[in-house]
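Student: Structure file work01.cif (mmCIF, C-alpha atoms and all ligand atoms; chains and numbers go by the auth columns) is given on the next line.
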```cif
data_upload
#
loop_
_atom_site.group_PDB
_atom_site.id
_atom_site.type_symbol
_atom_site.label_atom_id
_atom_site.label_comp_id
_atom_site.label_asym_id
_atom_site.label_seq_id
_atom_site.Cartn_x
_atom_site.Cartn_y
_atom_site.Cartn_z
_atom_site.B_iso_or_equiv
_atom_site.auth_seq_id
_atom_site.auth_asym_id
ATOM 1 C CA MET A 1 117.967 172.647 97.794 0.00 22 A
ATOM 2 C CA ASP A 2 118.201 176.181 99.183 0.00 23 A
ATOM 3 C CA ASP A 3 114.870 175.745 100.944 0.00 24 A
ATOM 4 C CA CYS A 4 116.149 172.621 102.664 0.00 25 A
ATOM 5 C CA LEU A 5 119.394 174.305 103.687 0.00 26 A
ATOM 6 C CA LYS A 6 117.396 177.178 105.088 0.00 27 A
ATOM 7 C CA ILE A 7 115.323 174.777 107.174 0.00 28 A
ATOM 8 C CA LEU A 8 118.544 173.261 108.516 0.00 29 A
ATOM 9 C CA LYS A 9 119.852 176.709 109.420 0.00 30 A
ATOM 10 C CA ASP A 10 116.557 177.731 111.001 0.00 31 A
ATOM 11 C CA HIS A 11 116.797 174.681 113.251 0.00 32 A
ATOM 12 C CA LYS A 12 120.447 175.421 114.058 0.00 33 A
ATOM 13 C CA PHE A 13 121.745 172.323 112.293 0.00 34 A
ATOM 14 C CA LYS A 14 125.165 172.549 110.690 0.00 35 A
ATOM 15 C CA ILE A 15 125.257 171.988 106.961 0.00 36 A
ATOM 16 C CA THR A 16 127.649 169.063 106.757 0.00 37 A
ATOM 17 C CA PRO A 17 128.596 167.183 103.566 0.00 38 A
ATOM 18 C CA LYS A 18 126.671 164.168 104.904 0.00 39 A
ATOM 19 C CA ARG A 19 123.445 166.080 105.493 0.00 40 A
ATOM 20 C CA LYS A 20 123.827 167.785 102.134 0.00 41 A
ATOM 21 C CA ALA A 21 124.364 164.481 100.336 0.00 42 A
ATOM 22 C CA VAL A 22 121.224 162.994 101.914 0.00 43 A
ATOM 23 C CA ILE A 23 119.135 166.019 100.873 0.00 44 A
ATOM 24 C CA GLU A 24 120.506 165.833 97.329 0.00 45 A
ATOM 25 C CA LEU A 25 119.618 162.179 97.090 0.00 46 A
ATOM 26 C CA PHE A 26 116.008 162.779 98.132 0.00 47 A
ATOM 27 C CA LEU A 27 115.653 165.788 95.845 0.00 48 A
ATOM 28 C CA THR A 28 116.890 163.917 92.799 0.00 49 A
ATOM 29 C CA SER A 29 115.121 160.615 93.356 0.00 50 A
ATOM 30 C CA ARG A 30 111.661 161.730 94.588 0.00 51 A
ATOM 31 C CA LYS A 31 111.017 158.153 95.574 0.00 52 A
ATOM 32 C CA CYS A 32 110.547 156.525 98.903 0.00 53 A
ATOM 33 C CA LEU A 33 113.847 155.209 100.149 0.00 54 A
ATOM 34 C CA LYS A 34 114.789 152.762 102.852 0.00 55 A
ATOM 35 C CA PRO A 35 117.535 153.810 105.264 0.00 56 A
ATOM 36 C CA TYR A 36 119.816 151.199 103.722 0.00 57 A
ATOM 37 C CA ASP A 37 119.221 152.583 100.193 0.00 58 A
ATOM 38 C CA VAL A 38 120.178 156.029 101.445 0.00 59 A
ATOM 39 C CA TYR A 39 123.260 154.584 103.089 0.00 60 A
ATOM 40 C CA LYS A 40 124.364 152.770 99.915 0.00 61 A
ATOM 41 C CA ALA A 41 123.830 155.801 97.685 0.00 62 A
ATOM 42 C CA VAL A 42 125.485 158.322 99.973 0.00 63 A
ATOM 43 C CA ARG A 43 128.420 156.084 100.824 0.00 64 A
ATOM 44 C CA LYS A 44 129.515 156.129 97.204 0.00 65 A
ATOM 45 C CA ARG A 45 130.422 159.751 97.728 0.00 66 A
ATOM 46 C CA LEU A 46 131.412 159.827 101.382 0.00 67 A
ATOM 47 C CA ASP A 47 133.155 156.740 102.607 0.00 68 A
ATOM 48 C CA SER A 48 133.493 157.641 106.281 0.00 69 A
ATOM 49 C CA LEU A 49 129.835 157.056 106.818 0.00 70 A
ATOM 50 C CA GLY A 50 128.051 154.520 108.977 0.00 71 A
ATOM 51 C CA LEU A 51 124.478 153.306 108.867 0.00 72 A
ATOM 52 C CA PRO A 52 123.755 154.729 112.372 0.00 73 A
ATOM 53 C CA THR A 53 124.651 158.186 111.049 0.00 74 A
ATOM 54 C CA ILE A 54 122.120 157.750 108.270 0.00 75 A
ATOM 55 C CA TYR A 55 119.440 156.762 110.770 0.00 76 A
ATOM 56 C CA ARG A 56 120.277 159.830 112.840 0.00 77 A
ATOM 57 C CA ILE A 57 120.135 162.179 109.839 0.00 78 A
ATOM 58 C CA LEU A 58 116.831 160.689 108.632 0.00 79 A
ATOM 59 C CA ASP A 59 115.405 161.152 112.088 0.00 80 A
ATOM 60 C CA GLU A 60 116.546 164.785 112.246 0.00 81 A
ATOM 61 C CA PHE A 61 115.141 165.524 108.788 0.00 82 A
ATOM 62 C CA CYS A 62 111.772 164.034 109.751 0.00 83 A
ATOM 63 C CA ARG A 63 111.592 166.175 112.848 0.00 84 A
ATOM 64 C CA ILE A 64 112.241 169.389 110.957 0.00 85 A
ATOM 65 C CA GLY A 65 109.988 168.451 108.037 0.00 86 A
ATOM 66 C CA ILE A 66 112.424 167.987 105.166 0.00 87 A
ATOM 67 C CA ILE A 67 111.395 164.389 104.691 0.00 88 A
ATOM 68 C CA LYS A 68 108.430 162.356 105.772 0.00 89 A
ATOM 69 C CA ARG A 69 108.254 158.860 107.188 0.00 90 A
ATOM 70 C CA LEU A 70 106.012 156.564 105.176 0.00 91 A
ATOM 71 C CA GLN A 71 105.171 152.904 105.309 0.00 92 A
ATOM 72 C CA SER A 72 106.057 150.424 102.611 0.00 93 A
ATOM 73 C CA ASP A 73 103.825 147.471 101.785 0.00 94 A
ATOM 74 C CA ASP A 74 106.177 145.076 103.599 0.00 95 A
ATOM 75 C CA GLY A 75 105.865 147.169 106.759 0.00 96 A
ATOM 76 C CA GLN A 76 109.352 148.674 106.573 0.00 97 A
ATOM 77 C CA LEU A 77 109.896 152.337 107.259 0.00 98 A
ATOM 78 C CA VAL A 78 110.695 154.349 104.201 0.00 99 A
ATOM 79 C CA TYR A 79 111.326 158.033 103.772 0.00 100 A
ATOM 80 C CA ALA A 80 110.372 160.494 101.091 0.00 101 A
ATOM 81 C CA PHE A 81 111.031 164.137 100.351 0.00 102 A
ATOM 82 C CA CYS A 82 108.393 166.469 101.689 0.00 103 A
ATOM 83 C CA SER A 83 107.926 169.635 99.670 0.00 104 A
ATOM 84 C CA SER A 84 105.154 171.304 101.585 0.00 105 A
ATOM 85 C CA GLN A 85 106.517 172.303 104.922 0.00 106 A
ATOM 86 C CA LYS A 86 103.745 172.641 107.450 0.00 107 A
ATOM 87 C CA LYS A 87 100.706 172.133 105.325 0.00 108 A
ATOM 88 C CA HIS A 88 98.757 168.990 106.051 0.00 109 A
ATOM 89 C CA SER A 89 99.120 166.648 103.109 0.00 110 A
ATOM 90 C CA HIS A 90 98.840 163.066 101.971 0.00 111 A
ATOM 91 C CA TYR A 91 101.003 160.882 99.815 0.00 112 A
ATOM 92 C CA PHE A 92 100.510 158.684 96.819 0.00 113 A
ATOM 93 C CA VAL A 93 103.156 155.988 96.459 0.00 114 A
ATOM 94 C CA CYS A 94 103.621 154.071 93.217 0.00 115 A
ATOM 95 C CA LEU A 95 103.876 150.355 93.947 0.00 116 A
ATOM 96 C CA ASN A 96 105.893 149.825 90.792 0.00 117 A
ATOM 97 C CA CYS A 97 108.565 152.566 90.775 0.00 118 A
ATOM 98 C CA ASN A 98 108.257 153.820 94.408 0.00 119 A
ATOM 99 C CA LYS A 99 107.751 157.382 93.260 0.00 120 A
ATOM 100 C CA VAL A 100 106.069 159.531 95.902 0.00 121 A
ATOM 101 C CA GLN A 101 103.677 162.344 95.017 0.00 122 A
ATOM 102 C CA GLU A 102 102.074 164.704 97.464 0.00 123 A
ATOM 103 C CA VAL A 103 98.322 165.000 97.430 0.00 124 A
ATOM 104 C CA SER A 104 97.129 168.278 98.861 0.00 125 A
ATOM 105 C CA VAL A 105 93.452 167.405 98.736 0.00 126 A
ATOM 106 C CA CYS A 106 92.080 166.218 102.045 0.00 127 A
ATOM 107 C CA ASN A 107 88.592 164.859 101.863 0.00 128 A
ATOM 108 C CA ILE A 108 88.254 162.857 105.011 0.00 129 A
ATOM 109 C CA ASN A 109 85.104 164.486 106.390 0.00 130 A
ATOM 110 C CA GLY A 110 82.847 161.598 105.426 0.00 131 A
ATOM 111 C CA ILE A 111 84.914 159.126 107.444 0.00 132 A
ATOM 112 C CA SER A 112 85.184 161.528 110.365 0.00 133 A
ATOM 113 C CA ARG A 113 81.430 161.985 110.421 0.00 134 A
ATOM 114 C CA TYR A 114 80.970 158.216 110.287 0.00 135 A
ATOM 115 C CA ILE A 115 83.275 157.762 113.296 0.00 136 A
ATOM 116 C CA GLU A 116 81.588 160.546 115.232 0.00 137 A
ATOM 117 C CA LYS A 117 78.156 159.151 114.523 0.00 138 A
ATOM 118 C CA ASN A 118 78.849 155.434 114.945 0.00 139 A
ATOM 119 C CA LEU A 119 81.599 155.366 117.536 0.00 140 A
ATOM 120 C CA GLY A 120 80.634 158.533 119.332 0.00 141 A
ATOM 121 C CA ALA A 121 84.273 159.582 119.205 0.00 142 A
ATOM 122 C CA LYS A 122 85.846 162.808 118.075 0.00 143 A
ATOM 123 C CA VAL A 123 88.461 162.598 115.309 0.00 144 A
ATOM 124 C CA GLU A 124 91.400 164.923 115.923 0.00 145 A
ATOM 125 C CA SER A 125 93.981 163.907 113.370 0.00 146 A
ATOM 126 C CA HIS A 126 94.629 161.394 110.650 0.00 147 A
ATOM 127 C CA GLN A 127 97.304 160.061 108.372 0.00 148 A
ATOM 128 C CA LEU A 128 96.583 158.807 104.930 0.00 149 A
ATOM 129 C CA GLN A 129 98.820 157.103 102.451 0.00 150 A
ATOM 130 C CA LEU A 130 97.511 155.906 99.133 0.00 151 A
ATOM 131 C CA GLU A 131 99.167 153.350 96.943 0.00 152 A
ATOM 132 C CA GLY A 132 98.744 152.404 93.326 0.00 153 A
ATOM 133 C CA ILE A 133 100.335 152.702 89.937 0.00 154 A
ATOM 134 C CA CYS A 134 101.546 156.139 88.796 0.00 155 A
ATOM 135 C CA SER A 135 100.804 157.699 85.417 0.00 156 A
ATOM 136 C CA GLU A 136 104.226 156.735 84.049 0.00 157 A
ATOM 137 C CA CYS A 137 103.969 153.091 85.080 0.00 158 A
ATOM 138 C CA LYS A 138 100.352 152.604 84.060 0.00 159 A
HETATM 139 ZN ZN ZN B . 105.417 154.430 88.956 0.00 201 A
HETATM 140 ZN ZN ZN B . 94.068 164.964 105.570 0.00 202 A
#
```
Take the structure in this file and express it as structure tokens.
Tutor:
Amino acid sequence: MDDCLKILKDHKFKITPKRKAVIELFLTSRKCLKPYDVYKAVRKRLDSLGLPTIYRILDEFCRIGIIKRLQSDDGQLVYAFCSSQKKHSHYFVCLNCNKVQEVSVCNINGISRYIEKNLGAKVESHQLQLEGICSECK
């Protein structure tokens, strides 16, 4: 929590009860959440809250690296807590319980070499999200 509040301060964001409630939700659930799920959960505690505010907060948190935008299997945008701040990392999402785990290993060189060799292109960045069944759901 303190790390997240520090990131907010570093980016000159005010620590409001709404922002704090959203951070708390992500820290306790560790799952990928849809904006509407965040809205429903946070509204239980703060009733003067609209869905547009939630979208705005999620957007801010993505920009400063507190959460990360992921893709769900039905194509909807979902968000998950992001513990490593600047480090490049990948995510494993459980298809059963929606839990999100960071994967710090990045072993994409084989694919990059394939693209460079076969397409003659240079790979500069990549995003990788893996899905499956987590150890608890297996
Ligand atoms: Zn699971
Ligand atoms: Zn990578």
Student: If we count all atoms listed in the file, what is near Gly71 (chain A) at a cut-off of 12 Å, once residues fewer than 6 positions away on the same chain are taken out, given as a count of residues only?
Tutor: 11
Student: Could I get the residue neighbourhood of ligand ZN 202 (chain A) at 7 Å, counting all atoms listed in the file, as an mmCIF file with C-alpha atoms, in the coordinates of the input?
Tutor:
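Here's the written file part-v1.cif:
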```cif
data_model
loop_
_atom_site.group_PDB
_atom_site.id
_atom_site.type_symbol
_atom_site.label_atom_id
_atom_site.label_comp_id
_atom_site.auth_asym_id
_atom_site.auth_seq_id
_atom_site.Cartn_x
_atom_site.Cartn_y
_atom_site.Cartn_z
ATOM 1 C CA HIS A 109 98.757 168.990 106.051
ATOM 2 C CA SER A 110 99.120 166.648 103.109
ATOM 3 C CA HIS A 111 98.840 163.066 101.971
ATOM 4 C CA CYS A 127 92.080 166.218 102.045
ATOM 5 C CA ASN A 128 88.592 164.859 101.863
ATOM 6 C CA ILE A 129 88.254 162.857 105.011
ATOM 7 C CA HIS A 147 94.629 161.394 110.650
ATOM 8 C CA GLN A 148 97.304 160.061 108.372
ATOM 9 C CA LEU A 149 96.583 158.807 104.930
#
```
Student: CA of Leu151 (chain A) and CA of Tyr112 (chain A) are how many Å apart?
Tutor: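 Interatomic distance here is 6.1 Å.
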Student: Dump the neighbourhood of ligand ZN 201 (chain A) as an MDAnalysis selection string: all residues within 6 Å, distances computed on only C-alpha atoms and all ligand atoms.
Tutor: chainID A and resid 115 117:118 120 154:155 157:158
Student: For the file shown, report as a PDB file with C-alpha atoms, in the coordinates of the input the outcome of the PyMOL selection byres (((chain A and resi 81) around 12) and not hetatm) at residue level.
Tutor:
```pdb
ATOM      1  CA  ILE A  28     115.323 174.777 107.174  1.00  0.00           C
ATOM      2  CA  LEU A  29     118.544 173.261 108.516  1.00  0.00           C
ATOM      3  CA  HIS A  32     116.797 174.681 113.251  1.00  0.00           C
ATOM      4  CA  LYS A  33     120.447 175.421 114.058  1.00  0.00           C
ATOM      5  CA  PHE A  34     121.745 172.323 112.293  1.00  0.00           C
ATOM      6  CA  LYS A  35     125.165 172.549 110.690  1.00  0.00           C
ATOM      7  CA  ARG A  40     123.445 166.080 105.493  1.00  0.00           C
ATOM      8  CA  VAL A  43     121.224 162.994 101.914  1.00  0.00           C
ATOM      9  CA  ILE A  44     119.135 166.019 100.873  1.00  0.00           C
ATOM     10  CA  THR A  74     124.651 158.186 111.049  1.00  0.00           C
ATOM     11  CA  ILE A  75     122.120 157.750 108.270  1.00  0.00           C
ATOM     12  CA  TYR A  76     119.440 156.762 110.770  1.00  0.00           C
ATOM     13  CA  ARG A  77     120.277 159.830 112.840  1.00  0.00           C
ATOM     14  CA  ILE A  78     120.135 162.179 109.839  1.00  0.00           C
ATOM     15  CA  LEU A  79     116.831 160.689 108.632  1.00  0.00           C
ATOM     16  CA  ASP A  80     115.405 161.152 112.088  1.00  0.00           C
ATOM     17  CA  PHE A  82     115.141 165.524 108.788  1.00  0.00           C
ATOM     18  CA  CYS A  83     111.772 164.034 109.751  1.00  0.00           C
ATOM     19  CA  ARG A  84     111.592 166.175 112.848  1.00  0.00           C
ATOM     20  CA  ILE A  85     112.241 169.389 110.957  1.00  0.00           C
ATOM     21  CA  GLY A  86     109.988 168.451 108.037  1.00  0.00           C
ATOM     22  CA  ILE A  87     112.424 167.987 105.166  1.00  0.00           C
ATOM     23  CA  ILE A  88     111.395 164.389 104.691  1.00  0.00           C
ATOM     24  CA  LYS A  89     108.430 162.356 105.772  1.00  0.00           C
ATOM     25  CA  ARG A  90     108.254 158.860 107.188  1.00  0.00           C
TER      26      ARG A  90
END
```
Student: From the list A:Gln150, A:Ser104, A:Asn130, A:Ser125, which residue is nearest Leu48 (chain A) when using all atoms listed in the file?
Tutor: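 Among the listed residues, A:Ser104 lies closest to Leu48 (chain A).
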